[in-house]
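**Q** Supplied in structure tokens, the structure appears directly below.
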Amino acid sequence: MKDFEYSAPDDLQTATALLAEHGERARVLAGGTDIIVQLREGLCSADFVVDVKNIPELMALDYRAKQGLTLGASTSCSQLYEHPDLATAYPALIDAARIIGGWQIQTRASVGGNLCNSSPAADTIPPLLVHEATCLIQGQAGSREIPASEFCTGPGQNVLQPGELLVTLQLPEPAANSSSAYERFIPRNEMDIAVAGAASWIQLDASGQTIEEARIALAAVAATPVMATEAAESLRGKPATAESFAEAGELAKNAASPISDMRGTAEYRVHLCSVLTQRTLARALARIQEAGS
Amino acid sequence: MGTKQLVSTTINGEPRQFICEARQSLLEVLRDEVGLTGCKEGCNNGNCGACSVLLDGQPVNSCLVFGLEVDGKEITTIEGIAQGGEFHALQQCFLEGAALQCGICTPGFIVTAKALLDENPGASEEEIRFQLAGNLCRCTGYDKIIRAVMKAGEQMAETAAS
């Protein structure tokens, strides 16, 4: 690996100043589970590495009922799933955090980093999308907020400009009678990158029989993570049954435009969209029912 | 060669200092600067777990941590698992259960399994397999490793109960 200058600022201003000063020659280091591999393999290059794990805003993990979740960009997957409330409030996100790599990855890898690495196959992004996460981005000129759904622009590409830093993700408080789930297909049992992944979120009406609202997002089947909007909208007003989920699964296929690569064919990925959509819808429903009983 | 910085840590309960370049991983530093060669380089990209150590009690791939990141932190390596000249239950069970052949994955497995059993000595086979998914073995086919971890867990739970 080419040597670099390492710094670990403990405040946001210093960090953004460093990133602005060095522009393309600087890289942000959170968990390191993507960036260190990329630096070592020459897939990216840095003369300055800015470690952002000492900045309080990026290490925040604050969940309050009625306010939702403020998730610092550097907080690790294991910190997320060790939190007592998040599995109930944002189950899809916890599903994903538990299956990224293995335990040794999860103690370091961050959701913010997963988003900023912007792989179309990222496991935590579909859960962020179905939970309508917002990104708070800080630059020297000031801060801006954008929906997570607009963050990724292509494989490995996102809206961050040189000098900008993802600070926090904001997830709104989940609605009553709602839940979510994330599932992916991989060749082994653990450790692999998703061949396809799906996150589903549904909200039932007071009777618990009818779907009031739904959101579905897919991983690894397009140039970015995508929302299956048509499939989700088709569920509104439908009974919460396997038949409705099967119809949504079919429609989810339309949101996919996968490639064939070493992990799988385009045809198989399209097929998986339907299967995983149905499974995660069913899992979300089961979670709502378990919570109600 | 780049500039080097001084790092102060606690390794296996002892204060240790080392100097390293920014680009040196904790794996490199532990093996080449500190002389603790128990953790192994299997893949150097976070896939195999042969480099696993505990950082502030949590398993990490030391190939994916820079030496400079561990200033002020506590590290446990395989060399710190046996205490007072006595094998840890895991080490004893691995030996008695023939849970190793070439042994290159073994330090990573033992260190990670220790973190698991410290938290949850009664972990089920399924939980153990899931939590150890980040440790790969080419020799044993995993079965004897899992049995050894389960046996060590039972012993640790018994010791805790008595």
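All residue names refer to the structure tokens as shown: chains lettered A, B, ... in order, residues numbered from 1 in each chain, ligands numbered from 1 in order.
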Quick one: residues within 10 Å of Ser234 (chain A), only C-alpha atoms, excluding same-chain residues fewer than 2 positions away - as JSON, numbers by chain?
**A** {"A": [211, 213, 214, 229, 230, 231, 232, 236, 237, 238, 244, 245, 247, 248, 251]}
**Q** Would you mind exporting N, CA and C atoms of the selected residues as a CSV table (one decimal), in the first residue's frame?
**A**
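Output saved as part-v1.csv:
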```csv
chain,number,residue,atom,x,y,z
A,211,ILE,N,-53.4,-4.0,4.0
A,211,ILE,CA,-52.2,-3.2,3.9
A,211,ILE,C,-52.5,-1.7,3.6
A,213,GLU,N,-50.0,0.8,3.7
A,213,GLU,CA,-48.8,1.4,3.0
A,213,GLU,C,-47.7,0.4,2.9
A,214,ALA,N,-46.9,0.5,1.8
A,214,ALA,CA,-45.8,-0.5,1.7
A,214,ALA,C,-44.6,0.2,1.0
A,229,THR,N,-41.3,0.7,-6.7
A,229,THR,CA,-42.4,1.6,-6.4
A,229,THR,C,-43.7,1.0,-6.9
A,230,GLU,N,-43.8,0.5,-8.1
A,230,GLU,CA,-45.0,-0.1,-8.6
A,230,GLU,C,-45.5,-1.2,-7.8
A,231,ALA,N,-44.5,-2.1,-7.4
A,231,ALA,CA,-44.9,-3.3,-6.6
A,231,ALA,C,-45.4,-2.8,-5.2
A,232,ALA,N,-44.8,-1.8,-4.6
A,232,ALA,CA,-45.2,-1.4,-3.3
A,232,ALA,C,-46.6,-0.7,-3.4
A,236,ARG,N,-51.2,-1.3,-1.6
A,236,ARG,CA,-52.1,-0.4,-0.9
A,236,ARG,C,-53.5,-0.9,-1.0
A,237,GLY,N,-54.2,-1.1,0.2
A,237,GLY,CA,-55.6,-1.5,0.2
A,237,GLY,C,-55.8,-3.0,0.0
A,238,LYS,N,-54.7,-3.7,-0.3
A,238,LYS,CA,-54.9,-5.2,-0.5
A,238,LYS,C,-54.9,-5.9,0.8
A,244,SER,N,-51.5,-11.5,-2.3
A,244,SER,CA,-51.1,-10.1,-2.6
A,244,SER,C,-49.6,-10.0,-2.7
A,245,PHE,N,-48.9,-10.8,-1.8
A,245,PHE,CA,-47.4,-10.7,-1.8
A,245,PHE,C,-46.8,-11.3,-3.1
A,247,GLU,N,-48.3,-11.2,-6.0
A,247,GLU,CA,-48.5,-10.2,-7.1
A,247,GLU,C,-47.5,-9.1,-7.0
A,248,ALA,N,-47.2,-8.7,-5.8
A,248,ALA,CA,-46.2,-7.7,-5.6
A,248,ALA,C,-44.8,-8.2,-6.1
A,251,LEU,N,-44.5,-7.9,-9.7
A,251,LEU,CA,-44.3,-6.5,-10.1
A,251,LEU,C,-42.9,-6.0,-9.8
```
**Q** Among the residues of region 19-152 of chain B, find those DSSP assigns to helix (DSSP H, G or I) from the backbone and print them as number ranges by chain.
**A** B: 26-33, 62-64, 67-70, 78-80, 89-96, 106-119, 125-131, 143-152
**Q** Residues of chain B within 12 Å of chain A, counting only C-alpha atoms - could you list those as a PyMOL selection string?
**A** chain B and resi 1-5+20-26+43-71+108-109+111-113+115-116+126-136
**Q** Applying 12 Å and only C-alpha atoms, which residues near Ala176 (chain A) remain after dropping the ones on its own chain fewer than 3 positions away? List them as a PyMOL selection string.
**A** chain A and resi 65-66+88-89+173+179+202-206+208+212-213+288+291-292
**Q** Please produce a file of the residues just selected, as a JSON list (two decimals), in the first residue's frame, where the atoms kept are C-alpha atoms.
**A**
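Below is the file that was written, result37.json:
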```
[["chain", "number", "residue", "atom", "x", "y", "z"],
["A", 65, "ALA", "CA", -39.68, 7.01, 20.59],
["A", 66, "LYS", "CA", -41.60, 9.67, 18.62],
["A", 88, "THR", "CA", -38.15, -3.73, 17.00],
["A", 89, "ALA", "CA", -38.17, -0.30, 15.38],
["A", 173, "GLU", "CA", -40.09, 6.93, 14.00],
["A", 179, "SER", "CA", -42.61, -3.63, 10.37],
["A", 202, "ILE", "CA", -45.57, -2.68, 5.35],
["A", 203, "GLN", "CA", -48.11, -0.92, 7.50],
["A", 204, "LEU", "CA", -51.43, -2.57, 8.25],
["A", 205, "ASP", "CA", -54.69, -0.85, 9.08],
["A", 206, "ALA", "CA", -56.24, -1.06, 12.54],
["A", 208, "GLY", "CA", -54.63, -5.91, 10.87],
["A", 212, "GLU", "CA", -52.31, 0.55, 4.27],
["A", 213, "GLU", "CA", -48.84, 1.40, 2.98],
["A", 288, "ILE", "CA", -46.41, -7.12, 13.05],
["A", 291, "ALA", "CA", -45.87, -7.65, 18.16],
["A", 292, "GLY", "CA", -49.64, -7.46, 18.33]]
```
**Q** Quick one, how far is CA of Tyr63 (chain A) from CA of Gln79 (chain A)?
**A**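 These atoms are spaced 12.5 Å apart.
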**Q** Just the residues within 10 Å of Ile11 (chain B), please, counting only C-alpha atoms, with nothing from its chain fewer than 3 positions along; format it as a list of chain:residue names.
**A** B:Ser8, B:Glu14, B:Pro15, B:Arg16, B:Gln17, B:Leu30, B:Val34, B:Leu36, B:Leu54, B:Leu55, B:Lys73, B:Glu74, B:Ile75, B:Thr76, B:Thr77, B:Glu79, B:Gly80
**Q** Show which residues sit within 12 Å of region 256-259 of chain A, as a PDB file with N, CA and C atoms, in the first residue's frame. Count only C-alpha atoms, and ignore same-chain residues fewer than 2 positions away.
**A**
```pdb
ATOM      1  N   PRO A 120     -24.021  -1.343  -5.487  1.00  0.00           N
ATOM      2  CA  PRO A 120     -25.441  -1.659  -5.735  1.00  0.00           C
ATOM      3  C   PRO A 120     -25.920  -2.831  -4.877  1.00  0.00           C
ATOM      4  N   ALA A 121     -24.955  -3.654  -4.401  1.00  0.00           N
ATOM      5  CA  ALA A 121     -25.305  -4.835  -3.625  1.00  0.00           C
ATOM      6  C   ALA A 121     -25.281  -4.595  -2.123  1.00  0.00           C
ATOM      7  N   VAL A 195     -26.336 -11.698  -4.173  1.00  0.00           N
ATOM      8  CA  VAL A 195     -26.654 -11.913  -5.586  1.00  0.00           C
ATOM      9  C   VAL A 195     -27.883 -11.071  -5.907  1.00  0.00           C
ATOM     10  N   ALA A 196     -28.814 -11.053  -4.959  1.00  0.00           N
ATOM     11  CA  ALA A 196     -29.946 -10.133  -4.971  1.00  0.00           C
ATOM     12  C   ALA A 196     -30.397  -9.973  -3.528  1.00  0.00           C
ATOM     13  N   GLY A 197     -30.987  -8.828  -3.219  1.00  0.00           N
ATOM     14  CA  GLY A 197     -31.487  -8.593  -1.870  1.00  0.00           C
ATOM     15  C   GLY A 197     -32.772  -7.795  -1.950  1.00  0.00           C
ATOM     16  N   ALA A 198     -33.628  -7.959  -0.940  1.00  0.00           N
ATOM     17  CA  ALA A 198     -34.872  -7.185  -0.907  1.00  0.00           C
ATOM     18  C   ALA A 198     -35.187  -6.770   0.518  1.00  0.00           C
ATOM     19  N   ILE A 216     -40.805  -1.168  -0.888  1.00  0.00           N
ATOM     20  CA  ILE A 216     -39.932  -2.298  -1.235  1.00  0.00           C
ATOM     21  C   ILE A 216     -38.693  -1.738  -1.911  1.00  0.00           C
ATOM     22  N   ALA A 217     -37.517  -2.234  -1.509  1.00  0.00           N
ATOM     23  CA  ALA A 217     -36.270  -1.808  -2.156  1.00  0.00           C
ATOM     24  C   ALA A 217     -35.410  -3.025  -2.445  1.00  0.00           C
ATOM     25  N   LEU A 218     -34.667  -2.964  -3.531  1.00  0.00           N
ATOM     26  CA  LEU A 218     -33.913  -4.122  -4.018  1.00  0.00           C
ATOM     27  C   LEU A 218     -32.422  -3.819  -4.106  1.00  0.00           C
ATOM     28  N   ALA A 219     -31.616  -4.825  -3.806  1.00  0.00           N
ATOM     29  CA  ALA A 219     -30.160  -4.706  -3.898  1.00  0.00           C
ATOM     30  C   ALA A 219     -29.620  -5.619  -4.986  1.00  0.00           C
ATOM     31  N   ALA A 220     -28.570  -5.175  -5.624  1.00  0.00           N
ATOM     32  CA  ALA A 220     -27.760  -5.980  -6.548  1.00  0.00           C
ATOM     33  C   ALA A 220     -28.457  -6.310  -7.865  1.00  0.00           C
ATOM     34  N   VAL A 221     -29.515  -5.592  -8.177  1.00  0.00           N
ATOM     35  CA  VAL A 221     -30.223  -5.882  -9.424  1.00  0.00           C
ATOM     36  C   VAL A 221     -30.314  -4.672 -10.338  1.00  0.00           C
ATOM     37  N   ALA A 222     -29.497  -3.666 -10.085  1.00  0.00           N
ATOM     38  CA  ALA A 222     -29.461  -2.474 -10.931  1.00  0.00           C
ATOM     39  C   ALA A 222     -28.150  -1.744 -10.623  1.00  0.00           C
ATOM     40  N   ALA A 223     -27.945  -0.623 -11.293  1.00  0.00           N
ATOM     41  CA  ALA A 223     -26.690   0.118 -11.092  1.00  0.00           C
ATOM     42  C   ALA A 223     -26.611   0.757  -9.704  1.00  0.00           C
ATOM     43  N   THR A 224     -27.756   0.947  -9.091  1.00  0.00           N
ATOM     44  CA  THR A 224     -27.828   1.419  -7.707  1.00  0.00           C
ATOM     45  C   THR A 224     -28.883   0.577  -6.993  1.00  0.00           C
ATOM     46  N   PRO A 225     -28.957   0.664  -5.659  1.00  0.00           N
ATOM     47  CA  PRO A 225     -30.126   0.077  -4.993  1.00  0.00           C
ATOM     48  C   PRO A 225     -31.373   0.786  -5.521  1.00  0.00           C
ATOM     49  N   VAL A 226     -32.460   0.055  -5.720  1.00  0.00           N
ATOM     50  CA  VAL A 226     -33.653   0.659  -6.322  1.00  0.00           C
ATOM     51  C   VAL A 226     -34.894   0.368  -5.504  1.00  0.00           C
ATOM     52  N   MET A 227     -35.851   1.292  -5.615  1.00  0.00           N
ATOM     53  CA  MET A 227     -37.146   1.052  -4.981  1.00  0.00           C
ATOM     54  C   MET A 227     -38.083   0.436  -6.015  1.00  0.00           C
ATOM     55  N   ALA A 228     -38.812  -0.565  -5.571  1.00  0.00           N
ATOM     56  CA  ALA A 228     -39.811  -1.187  -6.444  1.00  0.00           C
ATOM     57  C   ALA A 228     -41.135  -0.483  -6.157  1.00  0.00           C
ATOM     58  N   THR A 229     -41.271   0.678  -6.740  1.00  0.00           N
ATOM     59  CA  THR A 229     -42.396   1.553  -6.400  1.00  0.00           C
ATOM     60  C   THR A 229     -43.731   0.977  -6.869  1.00  0.00           C
ATOM     61  N   GLU A 230     -43.753   0.471  -8.100  1.00  0.00           N
ATOM     62  CA  GLU A 230     -44.995  -0.085  -8.650  1.00  0.00           C
ATOM     63  C   GLU A 230     -45.477  -1.243  -7.767  1.00  0.00           C
ATOM     64  N   ALA A 231     -44.543  -2.120  -7.399  1.00  0.00           N
ATOM     65  CA  ALA A 231     -44.897  -3.281  -6.571  1.00  0.00           C
ATOM     66  C   ALA A 231     -45.445  -2.821  -5.231  1.00  0.00           C
ATOM     67  N   GLY A 249     -44.542  -9.433  -5.744  1.00  0.00           N
ATOM     68  CA  GLY A 249     -43.274 -10.034  -6.154  1.00  0.00           C
ATOM     69  C   GLY A 249     -43.092  -9.989  -7.657  1.00  0.00           C
ATOM     70  N   GLU A 250     -44.160 -10.298  -8.384  1.00  0.00           N
ATOM     71  CA  GLU A 250     -44.101 -10.240  -9.850  1.00  0.00           C
ATOM     72  C   GLU A 250     -43.806  -8.828 -10.326  1.00  0.00           C
ATOM     73  N   LEU A 251     -44.480  -7.861  -9.712  1.00  0.00           N
ATOM     74  CA  LEU A 251     -44.271  -6.468 -10.122  1.00  0.00           C
ATOM     75  C   LEU A 251     -42.878  -5.976  -9.755  1.00  0.00           C
ATOM     76  N   ALA A 252     -42.324  -6.513  -8.650  1.00  0.00           N
ATOM     77  CA  ALA A 252     -40.980  -6.093  -8.233  1.00  0.00           C
ATOM     78  C   ALA A 252     -39.954  -6.388  -9.316  1.00  0.00           C
ATOM     79  N   LYS A 253     -40.222  -7.447 -10.087  1.00  0.00           N
ATOM     80  CA  LYS A 253     -39.286  -7.797 -11.155  1.00  0.00           C
ATOM     81  C   LYS A 253     -39.084  -6.639 -12.130  1.00  0.00           C
ATOM     82  N   ASN A 254     -40.125  -5.841 -12.307  1.00  0.00           N
ATOM     83  CA  ASN A 254     -40.034  -4.740 -13.274  1.00  0.00           C
ATOM     84  C   ASN A 254     -39.066  -3.660 -12.835  1.00  0.00           C
ATOM     85  N   ASP A 261     -23.203 -11.690 -14.009  1.00  0.00           N
ATOM     86  CA  ASP A 261     -21.778 -11.615 -13.659  1.00  0.00           C
ATOM     87  C   ASP A 261     -21.401 -12.887 -12.931  1.00  0.00           C
ATOM     88  N   MET A 262     -20.250 -12.894 -12.293  1.00  0.00           N
ATOM     89  CA  MET A 262     -19.766 -14.131 -11.688  1.00  0.00           C
ATOM     90  C   MET A 262     -20.666 -14.612 -10.557  1.00  0.00           C
ATOM     91  N   ARG A 263     -21.505 -13.736 -10.030  1.00  0.00           N
ATOM     92  CA  ARG A 263     -22.369 -14.154  -8.916  1.00  0.00           C
ATOM     93  C   ARG A 263     -23.692 -14.728  -9.388  1.00  0.00           C
ATOM     94  N   GLY A 264     -24.085 -14.433 -10.607  1.00  0.00           N
ATOM     95  CA  GLY A 264     -25.357 -14.957 -11.073  1.00  0.00           C
ATOM     96  C   GLY A 264     -25.769 -14.335 -12.381  1.00  0.00           C
ATOM     97  N   THR A 265     -26.773 -14.971 -13.008  1.00  0.00           N
ATOM     98  CA  THR A 265     -27.269 -14.445 -14.283  1.00  0.00           C
ATOM     99  C   THR A 265     -28.341 -13.398 -14.015  1.00  0.00           C
ATOM    100  N   ALA A 266     -28.574 -12.576 -15.023  1.00  0.00           N
ATOM    101  CA  ALA A 266     -29.631 -11.569 -14.939  1.00  0.00           C
ATOM    102  C   ALA A 266     -30.976 -12.244 -14.709  1.00  0.00           C
ATOM    103  N   GLU A 267     -31.209 -13.361 -15.428  1.00  0.00           N
ATOM    104  CA  GLU A 267     -32.497 -14.057 -15.313  1.00  0.00           C
ATOM    105  C   GLU A 267     -32.719 -14.550 -13.892  1.00  0.00           C
ATOM    106  N   TYR A 268     -31.676 -15.099 -13.286  1.00  0.00           N
ATOM    107  CA  TYR A 268     -31.823 -15.621 -11.931  1.00  0.00           C
ATOM    108  C   TYR A 268     -32.065 -14.489 -10.942  1.00  0.00           C
ATOM    109  N   ARG A 269     -31.381 -13.376 -11.145  1.00  0.00           N
ATOM    110  CA  ARG A 269     -31.574 -12.225 -10.258  1.00  0.00           C
ATOM    111  C   ARG A 269     -32.995 -11.692 -10.348  1.00  0.00           C
ATOM    112  N   VAL A 270     -33.547 -11.657 -11.550  1.00  0.00           N
ATOM    113  CA  VAL A 270     -34.937 -11.206 -11.702  1.00  0.00           C
ATOM    114  C   VAL A 270     -35.867 -12.148 -10.933  1.00  0.00           C
ATOM    115  N   HIS A 271     -35.623 -13.438 -11.103  1.00  0.00           N
ATOM    116  CA  HIS A 271     -36.413 -14.436 -10.364  1.00  0.00           C
ATOM    117  C   HIS A 271     -36.301 -14.201  -8.853  1.00  0.00           C
ATOM    118  N   LEU A 272     -35.078 -13.948  -8.383  1.00  0.00           N
ATOM    119  CA  LEU A 272     -34.851 -13.739  -6.950  1.00  0.00           C
ATOM    120  C   LEU A 272     -35.603 -12.522  -6.424  1.00  0.00           C
ATOM    121  N   CYS A 273     -35.749 -11.492  -7.250  1.00  0.00           N
ATOM    122  CA  CYS A 273     -36.485 -10.299  -6.811  1.00  0.00           C
ATOM    123  C   CYS A 273     -37.862 -10.686  -6.308  1.00  0.00           C
ATOM    124  N   SER A 274     -38.512 -11.545  -7.076  1.00  0.00           N
ATOM    125  CA  SER A 274     -39.865 -11.940  -6.698  1.00  0.00           C
ATOM    126  C   SER A 274     -39.853 -12.769  -5.423  1.00  0.00           C
ATOM    127  N   THR A 277     -38.791 -10.581  -2.368  1.00  0.00           N
ATOM    128  CA  THR A 277     -39.845  -9.619  -2.047  1.00  0.00           C
ATOM    129  C   THR A 277     -40.954 -10.314  -1.274  1.00  0.00           C
TER     130      THR A 277
END
```
